[in-house]
file query.txt (compact mmCIF, C-alpha atoms)
# COMPACT_ATOMS: atom_id res chain seq x y z
CA MET A 207 -21.12 10.32 47.82
CA SER A 208 -20.08 13.76 48.99
CA ARG A 209 -20.52 16.79 46.79
CA PRO A 210 -17.46 18.83 45.96
CA THR A 211 -17.54 22.15 47.74
CA VAL A 212 -18.01 25.11 45.43
CA SER A 213 -16.54 28.41 46.48
CA LEU A 214 -18.93 31.19 47.37
CA LEU A 215 -17.64 33.43 44.60
CA LYS A 216 -18.12 30.75 41.94
CA ARG A 217 -21.62 30.00 43.18
CA LEU A 218 -22.56 33.71 43.14
CA THR A 219 -21.16 34.03 39.61
CA GLN A 220 -23.28 31.11 38.42
CA GLU A 221 -26.38 32.57 40.09
CA TYR A 222 -25.79 35.95 38.45
CA LYS A 223 -25.29 34.36 35.00
CA ALA A 224 -28.56 32.44 35.37
CA SER A 225 -30.60 35.38 36.70
CA ARG A 226 -32.93 37.41 34.50
CA PHE A 227 -32.39 40.99 35.59
CA PRO A 228 -33.87 43.77 33.39
CA TRP A 229 -30.43 45.23 32.61
CA LYS A 230 -29.03 41.88 31.47
CA LYS A 231 -29.41 40.82 27.85
CA GLN A 232 -28.21 37.23 27.99
CA VAL A 233 -29.08 34.48 30.43
CA LEU A 234 -27.27 31.23 31.19
CA ILE A 235 -29.85 28.49 30.67
CA GLY A 236 -27.77 25.49 31.64
CA THR A 237 -24.67 23.37 31.22
CA ASP A 238 -24.05 19.87 29.97
CA LEU A 239 -21.93 17.11 31.50
CA ASP A 240 -18.81 18.37 29.69
CA GLY A 241 -19.14 21.89 31.13
CA ASN A 242 -20.35 23.63 27.96
CA GLU A 243 -22.61 26.61 28.71
CA TYR A 244 -25.89 27.26 26.88
CA TRP A 245 -27.12 30.83 26.64
CA GLU A 246 -30.27 32.60 25.53
CA MET A 247 -31.23 36.22 24.89
CA PRO A 248 -34.31 37.91 23.47
CA ASN A 249 -34.12 38.88 19.83
CA PRO A 250 -33.86 42.68 19.58
CA LEU A 251 -35.98 42.63 16.41
CA GLY A 252 -38.69 40.52 18.00
CA GLY A 253 -39.47 36.90 17.27
CA ARG A 254 -37.96 33.91 18.97
CA GLU A 255 -34.99 34.06 21.30
CA LYS A 256 -31.41 33.67 20.15
CA ARG A 257 -29.66 30.61 21.54
CA TRP A 258 -26.00 29.63 21.46
CA VAL A 259 -23.39 27.50 23.16
CA GLU A 260 -20.00 28.42 24.59
CA LEU A 261 -17.76 25.37 24.44
CA LYS A 262 -15.54 24.75 27.44
CA GLU A 263 -12.83 22.78 25.67
CA GLU A 264 -12.57 24.47 22.28
CA PRO A 265 -13.26 28.21 22.04
CA ASP A 266 -12.42 28.15 18.30
CA TYR A 267 -15.68 27.50 16.45
CA ALA A 268 -13.78 26.62 13.27
CA LEU A 269 -12.82 23.34 14.97
CA PHE A 270 -16.38 22.65 16.11
CA ARG A 271 -17.72 19.11 15.68
CA GLN A 272 -21.41 18.31 15.92
CA ASP A 273 -20.84 15.34 18.24
CA GLN A 274 -19.35 17.60 20.95
CA ILE A 275 -22.85 18.63 21.99
CA PRO A 276 -25.48 16.22 23.37
CA VAL A 277 -28.51 15.65 21.15
CA GLN A 278 -30.89 17.11 23.73
CA TRP A 279 -28.99 20.40 23.75
CA GLN A 280 -28.76 20.40 19.94
CA SER A 281 -32.53 20.18 19.70
CA TRP A 282 -32.88 23.00 22.26
CA LEU A 283 -30.48 25.18 20.24
CA ARG A 284 -32.54 24.56 17.08
CA HIS A 285 -35.80 25.44 18.87
CA THR A 286 -37.24 21.94 18.37
CA ARG A 287 -37.16 21.39 22.13
CA PHE A 288 -38.88 24.12 24.12
CA GLU A 289 -37.44 23.40 27.56
CA ALA A 290 -33.74 22.98 28.21
CA PRO A 291 -32.70 19.44 29.17
CA SER A 292 -31.89 18.78 32.79
CA ILE A 293 -28.78 17.07 34.11
CA HIS A 294 -30.98 14.07 34.91
CA ASP A 295 -32.02 13.82 31.22
CA LEU A 296 -28.37 13.88 30.16
CA LEU A 297 -27.40 11.22 32.72
CA VAL A 298 -30.25 8.95 31.59
CA GLU A 299 -29.07 9.32 27.98
CA GLU A 300 -25.47 8.48 28.93
CA LYS A 301 -26.67 5.38 30.77
CA ARG A 302 -28.75 4.35 27.74
CA LYS A 303 -25.71 4.76 25.45
CA ALA A 304 -23.59 2.62 27.78
CA ILE A 305 -26.23 -0.13 27.79
CA ILE A 306 -26.46 -0.08 23.99
CA GLN A 307 -22.67 -0.27 23.62
CA GLU A 308 -22.52 -3.17 26.07
CA ARG A 309 -25.21 -5.04 24.14
CA ALA A 310 -23.45 -4.38 20.85
CA GLN A 311 -20.20 -5.79 22.24
CA ARG A 312 -22.04 -8.86 23.53
CA LEU A 313 -23.67 -9.42 20.12
CA GLU A 314 -20.31 -9.01 18.41
CA LEU A 315 -18.77 -11.68 20.67
CA GLU A 316 -21.72 -14.02 20.04
CA TRP A 317 -21.35 -13.50 16.29
CA GLN A 318 -17.61 -14.25 16.42
CA GLN A 319 -18.32 -17.48 18.34
CA ARG A 320 -21.02 -18.45 15.84
CA LYS A 321 -18.63 -17.81 12.94
CA LEU A 322 -16.04 -20.10 14.55
CA GLU A 323 -18.68 -22.81 15.05
CA LEU A 324 -19.75 -22.55 11.41
CA GLN A 325 -16.14 -22.79 10.23
CA GLN A 326 -15.58 -25.87 12.40
CA GLN A 327 -18.74 -27.50 11.04
CA LYS A 328 -17.61 -26.77 7.49
CA VAL A 329 -14.22 -28.36 8.16
CA GLN A 330 -15.88 -31.42 9.74
CA GLU A 331 -18.23 -31.81 6.76
CA GLN A 332 -15.34 -31.66 4.30
CA ALA A 333 -13.15 -34.10 6.26
CA PRO A 334 -15.37 -37.23 5.78
CA GLN A 335 -15.58 -36.59 2.04
CA LEU A 336 -11.81 -36.80 1.77
CA ASP A 337 -11.70 -40.20 3.54
CA ILE A 338 -13.89 -42.02 0.95
CA PRO A 339 -11.99 -45.01 -0.53
CA THR A 340 -11.40 -44.62 -4.28
CA SER A 341 -10.55 -48.30 -4.98
CA LYS A 342 -14.05 -48.96 -6.28
CA LYS A 343 -14.38 -48.24 -10.02
CA PRO A 344 -17.69 -47.28 -11.51
CA ASP A 345 -19.39 -50.10 -13.46
CA ILE A 346 -20.53 -47.90 -16.30
CA GLU A 347 -18.17 -45.50 -17.96
CA GLU A 348 -19.74 -42.28 -19.01
CA LYS A 349 -19.28 -41.10 -22.56
CA PRO A 350 -18.13 -37.56 -22.85
CA SER A 351 -21.10 -35.51 -23.89
CA THR A 352 -20.50 -33.54 -27.04
CA THR A 353 -23.75 -31.62 -26.77
CA GLN A 354 -22.41 -29.54 -23.89
CA SER A 355 -20.30 -26.47 -24.42
CA LYS A 356 -16.79 -26.59 -22.98
CA GLY A 357 -14.39 -24.04 -21.58
CA GLN A 358 -14.65 -20.37 -20.88
CA GLY A 359 -13.25 -17.26 -22.51
CA ASP A 360 -10.69 -18.00 -25.26
CA THR A 361 -10.99 -21.79 -24.85
CA PHE A 362 -14.78 -21.77 -25.26
CA GLN A 363 -16.11 -24.39 -27.69
CA PRO A 364 -19.82 -24.41 -28.40
CA GLY A 365 -21.63 -27.73 -28.13
CA GLU A 366 -23.76 -29.39 -30.80
CA TRP A 367 -27.30 -28.29 -31.16
CA MET A 368 -30.16 -29.99 -32.96
CA PRO A 369 -33.34 -27.97 -33.29
CA SER A 370 -36.51 -29.84 -32.55
CA SER A 371 -39.15 -30.06 -35.24
CA SER A 372 -41.98 -27.69 -34.70
CA ARG A 373 -45.40 -29.20 -34.20
CA ARG A 374 -48.09 -27.84 -36.47
call {"tool": "encode", "arguments": {"input": "query.txt", "output": "C-alpha cells"}}
result
Amino acid sequence: MSRPTVSLLKRLTQEYKASRFPWKKQVLIGTDLDGNEYWEMPNPLGGREKRWVELKEEPDYALFRQDQIPVQWQSWLRHTRFEAPSIHDLLVEEKRKAIIQERAQRLELEWQQRKLELQQQKVQEQAPQLDIPTSKKPDIEEKPSTTQSKGQGDTFQPGEWMPSSSRR
C-alpha cells in the first residue's frame, strides 16, 4: 500500500504546529482518524494544562455531539488519560468495534432462525391436537360444579361456600 504524498508545505505546517517552541503557547498533540485536531497549552495561572479539540467537520460547537470524538481522545481531554492515544490505538479500537458489530449481527440472525424454529414447533404441536376424533363420547357426564365462581367483571357470580367446623 503506497502512502499518499504530502506536500512539503503541509508537512512543515504540521511540524510547526506540533513543535514546542518557547514563543508558542499552544501545541498540536495529535489527530484522530476523522482529522480532528487535539491541542494543549500550559495554564497561565498554573495547574494542569488546558486541552481542547478543533473539529474538522463542524466548526460550530453548538452542534457538537459527544460521539464525534473517539473515547480515547475524550479521556485525554478530561485528563483521565495522561498520554495522548496513538493512531495505532484508534485503529485497534475501530477493528474491535467492527468485530463486535459483526458478532451482534450473527447473534441476531441466529435468534431470528431460533424464533422461526420455535414457531414451527408450536404449529406442529397444535396440529395433532386438532386431528383428534371427537366421535367418542365420555362415559361419565360431569355435573356442573356450583361451588366454583363463574364469570368475570359484571357477569361474576360467586360460588357456594361452606365453612369447615373448627377443631377444638
call {"tool": "atom_distance", "arguments": {"input": "query.txt", "atom1": "CA of Val277 in chain A", "atom2": "CA of Leu296 in chain A"}}
result
9.2 Å
call {"tool": "residues_around", "arguments": {"input": "query.txt", "residues": "range 256-263 of chain A", "least_positions_apart": "6", "cutoff": "9 Å", "atoms": "all atoms listed in the file", "output": "count of residues only"}}
result
17
call {"tool": "residues_around", "arguments": {"input": "query.txt", "residues": "Glu221 in chain A", "least_positions_apart": "6", "cutoff": "12 Å", "atoms": "only C-alpha atoms", "output": "list of chain:residue names"}}
result
A:Leu214, A:Leu215, A:Phe227, A:Val233, A:Leu234, A:Ile235, A:Gly236
call {"tool": "closest_residue", "arguments": {"input": "query.txt", "among": "A:Asp360, A:Glu264, A:Asp238, A:Glu366", "to": "Ala290 in chain A", "atoms": "only C-alpha atoms"}}
result
A:Asp238
call {"tool": "closest_residue", "arguments": {"input": "query.txt", "among": "A:Gly357, A:Pro276, A:Pro250, A:Gly365", "to": "Gln232 in chain A", "atoms": "all atoms listed in the file"}}
result
A:Pro250
call {"tool": "atom_distance", "arguments": {"input": "query.txt", "atom1": "CA of Leu315 in chain A", "atom2": "CA of Val298 in chain A"}}
result
26.0 Å
call {"tool": "atom_distance", "arguments": {"input": "query.txt", "atom1": "CA of Lys321 in chain A", "atom2": "CA of Ile305 in chain A"}}
result
24.3 Å
call {"tool": "closest_residue", "arguments": {"input": "query.txt", "among": "A:Val212, A:Leu239, A:Met368, A:Ala224", "to": "Glu299 in chain A", "atoms": "all atoms listed in the file"}}
result
A:Leu239
call {"tool": "closest_residue", "arguments": {"input": "query.txt", "among": "A:Asp295, A:Gln220, A:Leu313, A:Asp266", "to": "Trp279 in chain A", "atoms": "all atoms listed in the file"}}
result
A:Asp295
call {"tool": "build_atoms", "arguments": {"input": "query.txt", "residues": "range 235-250 of chain A", "atoms": "N, CA and C atoms", "output": "mmCIF file, in the frame of the given file"}}
result
data_model
loop_
_atom_site.group_PDB
_atom_site.id
_atom_site.type_symbol
_atom_site.label_atom_id
_atom_site.label_comp_id
_atom_site.auth_asym_id
_atom_site.auth_seq_id
_atom_site.Cartn_x
_atom_site.Cartn_y
_atom_site.Cartn_z
ATOM 1 N N ILE A 235 -28.730 29.419 30.520
ATOM 2 C CA ILE A 235 -29.850 28.490 30.670
ATOM 3 C C ILE A 235 -29.413 27.213 31.361
ATOM 4 N N GLY A 236 -28.232 26.721 31.016
ATOM 5 C CA GLY A 236 -27.770 25.490 31.640
ATOM 6 C C GLY A 236 -26.408 25.068 31.118
ATOM 7 N N THR A 237 -25.942 23.949 31.648
ATOM 8 C CA THR A 237 -24.670 23.370 31.220
ATOM 9 C C THR A 237 -24.882 21.878 30.976
ATOM 10 N N ASP A 238 -23.982 21.311 30.185
ATOM 11 C CA ASP A 238 -24.050 19.870 29.970
ATOM 12 C C ASP A 238 -23.006 19.178 30.846
ATOM 13 N N LEU A 239 -22.845 17.883 30.656
ATOM 14 C CA LEU A 239 -21.930 17.110 31.500
ATOM 15 C C LEU A 239 -20.464 17.439 31.220
ATOM 16 N N ASP A 240 -20.179 18.008 30.041
ATOM 17 C CA ASP A 240 -18.810 18.370 29.690
ATOM 18 C C ASP A 240 -18.438 19.773 30.167
ATOM 19 N N GLY A 241 -19.412 20.537 30.648
ATOM 20 C CA GLY A 241 -19.140 21.890 31.130
ATOM 21 C C GLY A 241 -19.429 22.973 30.111
ATOM 22 N N ASN A 242 -19.972 22.624 28.947
ATOM 23 C CA ASN A 242 -20.350 23.630 27.960
ATOM 24 C C ASN A 242 -21.530 24.433 28.497
ATOM 25 N N GLU A 243 -21.545 25.735 28.218
ATOM 26 C CA GLU A 243 -22.610 26.610 28.710
ATOM 27 C C GLU A 243 -23.563 26.957 27.576
ATOM 28 N N TYR A 244 -24.852 26.965 27.873
ATOM 29 C CA TYR A 244 -25.890 27.260 26.880
ATOM 30 C C TYR A 244 -26.596 28.545 27.294
ATOM 31 N N TRP A 245 -26.636 29.490 26.365
ATOM 32 C CA TRP A 245 -27.120 30.830 26.640
ATOM 33 C C TRP A 245 -28.332 31.149 25.777
ATOM 34 N N GLU A 246 -29.089 32.147 26.253
ATOM 35 C CA GLU A 246 -30.270 32.600 25.530
ATOM 36 C C GLU A 246 -30.419 34.104 25.757
ATOM 37 N N MET A 247 -30.908 34.798 24.736
ATOM 38 C CA MET A 247 -31.230 36.220 24.890
ATOM 39 C C MET A 247 -32.390 36.558 23.969
ATOM 40 N N PRO A 248 -33.199 37.543 24.340
ATOM 41 C CA PRO A 248 -34.310 37.910 23.470
ATOM 42 C C PRO A 248 -33.789 38.545 22.183
ATOM 43 N N ASN A 249 -34.495 38.310 21.113
ATOM 44 C CA ASN A 249 -34.120 38.880 19.830
ATOM 45 C C ASN A 249 -34.489 40.364 19.837
ATOM 46 N N PRO A 250 -33.539 41.258 19.546
ATOM 47 C CA PRO A 250 -33.860 42.680 19.580
ATOM 48 C C PRO A 250 -34.874 43.093 18.511
#
